[in-house]
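Trainee: Once you've had a glance at the structure underneath, I'll fire off some questions.
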Amino acid sequence: MPRFDANGLVACIAVDARDGRVLMLAHMNAESLARTLQTGEAWYWSRSRGELWHKGATSGQVQRVLEMRVDCDQDAVLIRVEVGGDGGCCHTGRRDCFYRSVGLDPASGRAVLRHDPSSRDPAPHDLPSAAGA
């Protein structure tokens, strides 16, 4: 049993069972965790809406849970899922929520925000360097 935080939540990472890609990070409360275990489909707690959220109920991107793990501190859950519908999971219309990466541009030494090539977003954006230059 995971240890819920002061708000009664535990972080949950959803990973695509097919290729291991991290899809999203969401939160579960005791009720959403129980429903996930009972139904075999991912249920989360929406912090912004303050309500239970059955992933895919409106989008068709239902996450069927194949495996659930709890980390060593019991304060995070990882689920391996098969995603229904179009295979996406991000509310922006992308396959996953982790479509941005930050890398160092070797020429300028500046941090550069990059987007996954399958992203609908425009080209990379420069970020200020850590030194503020």
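Ordered as shown in the structure tokens, chains take letters A, B, and onward, while each chain numbers its residues from 1 and ligands are numbered from 1 in the order shown.
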Taking the chain letters and numbering used in this document, name the residues of chain A that DSSP puts in strand (DSSP E or B), as a PyMOL selection string.
Mentor: chain A and resi 10-16+22-28+41+43-46+51-54+63-70+76-83+100-104+111-115+125-126
Trainee: Might you pull out every residue within 12 Å of Arg21 of chain A, with only C-alpha atoms counted and same-chain residues fewer than 5 positions away left off, and present them as a PyMOL selection string?
Mentor: chain A and resi 13-16+79-83+87-89+95-99
Trainee: Quick one: distance from atom CA of Leu25 of chain A to atom CA of Leu104 of chain A in Å, one decimal?
Mentor: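 Distance reported for this atom pair: 24.9 Å.
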Trainee: Near segment 2-12 of chain A, within 7 Å and counting only C-alpha atoms, which residues show up once chain neighbours fewer than 2 positions away are dropped, as a PDB file with N, CA and C atoms, in the first residue's frame?
Mentor:
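Below is the file around.pdb, written as the result:
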ATOM      1  N   ALA A  14       2.709   6.792 -15.525  1.00  0.00           N
ATOM      2  CA  ALA A  14       2.174   5.816 -16.480  1.00  0.00           C
ATOM      3  C   ALA A  14       3.198   5.616 -17.593  1.00  0.00           C
ATOM      4  N   LEU A  25       2.562  11.817 -15.828  1.00  0.00           N
ATOM      5  CA  LEU A  25       2.592  11.798 -14.374  1.00  0.00           C
ATOM      6  C   LEU A  25       1.259  12.366 -13.915  1.00  0.00           C
ATOM      7  N   ALA A  26       0.599  11.647 -13.039  1.00  0.00           N
ATOM      8  CA  ALA A  26      -0.676  12.104 -12.493  1.00  0.00           C
ATOM      9  C   ALA A  26      -0.682  11.752 -11.010  1.00  0.00           C
ATOM     10  N   HIS A  27      -1.790  11.974 -10.356  1.00  0.00           N
ATOM     11  CA  HIS A  27      -1.901  11.670  -8.938  1.00  0.00           C
ATOM     12  C   HIS A  27      -3.088  10.748  -8.688  1.00  0.00           C
ATOM     13  N   MET A  28      -2.938   9.928  -7.672  1.00  0.00           N
ATOM     14  CA  MET A  28      -4.012   9.047  -7.242  1.00  0.00           C
ATOM     15  C   MET A  28      -4.302   9.317  -5.778  1.00  0.00           C
ATOM     16  N   ASN A  29      -5.582   9.195  -5.415  1.00  0.00           N
ATOM     17  CA  ASN A  29      -5.949   9.156  -4.008  1.00  0.00           C
ATOM     18  C   ASN A  29      -6.373   7.711  -3.710  1.00  0.00           C
ATOM     19  N   VAL A  70       5.153  -0.112  -6.709  1.00  0.00           N
ATOM     20  CA  VAL A  70       5.289   0.963  -5.730  1.00  0.00           C
ATOM     21  C   VAL A  70       6.773   1.092  -5.431  1.00  0.00           C
ATOM     22  N   GLN A  74       7.517   3.959  -0.925  1.00  0.00           N
ATOM     23  CA  GLN A  74       6.068   3.787  -1.002  1.00  0.00           C
ATOM     24  C   GLN A  74       5.328   5.107  -1.197  1.00  0.00           C
ATOM     25  N   ASP A  75       6.008   6.101  -1.816  1.00  0.00           N
ATOM     26  CA  ASP A  75       5.344   7.383  -2.061  1.00  0.00           C
ATOM     27  C   ASP A  75       5.179   7.691  -3.549  1.00  0.00           C
ATOM     28  N   ALA A  76       5.377   6.686  -4.388  1.00  0.00           N
ATOM     29  CA  ALA A  76       5.148   6.836  -5.831  1.00  0.00           C
ATOM     30  C   ALA A  76       4.740   5.486  -6.402  1.00  0.00           C
ATOM     31  N   VAL A  77       3.874   5.551  -7.406  1.00  0.00           N
ATOM     32  CA  VAL A  77       3.370   4.357  -8.077  1.00  0.00           C
ATOM     33  C   VAL A  77       3.760   4.444  -9.545  1.00  0.00           C
ATOM     34  N   LEU A  78       4.121   3.321 -10.116  1.00  0.00           N
ATOM     35  CA  LEU A  78       4.398   3.228 -11.547  1.00  0.00           C
ATOM     36  C   LEU A  78       3.454   2.188 -12.129  1.00  0.00           C
TER      37      LEU A  78
END
Trainee: Which residue gives the smallest distance to Gln63 of chain A among A:Ala30, A:Ala42, A:Leu113, A:Val22, with only C-alpha atoms counted?
Mentor: A:Ala42
Trainee: Between atom CA of Cys90 of chain A and atom CA of Met24 of chain A, what is the spacing in Å?
Mentor: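 The value is 7.3 Å.
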Trainee: At what distance in Å, to one decimal, does atom CA of Met68 of chain A lie from atom CA of Arg47 of chain A?
Mentor: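 The value is 21.5 Å.
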Trainee: Name the closest residue to Ser101 of chain A among the candidates A:Gly20, A:Arg114, A:Met1, A:Glu51; distances are taken between atoms, counting only C-alpha atoms.
Mentor: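 Selected residue with least distance to Ser101 of chain A: A:Arg114.
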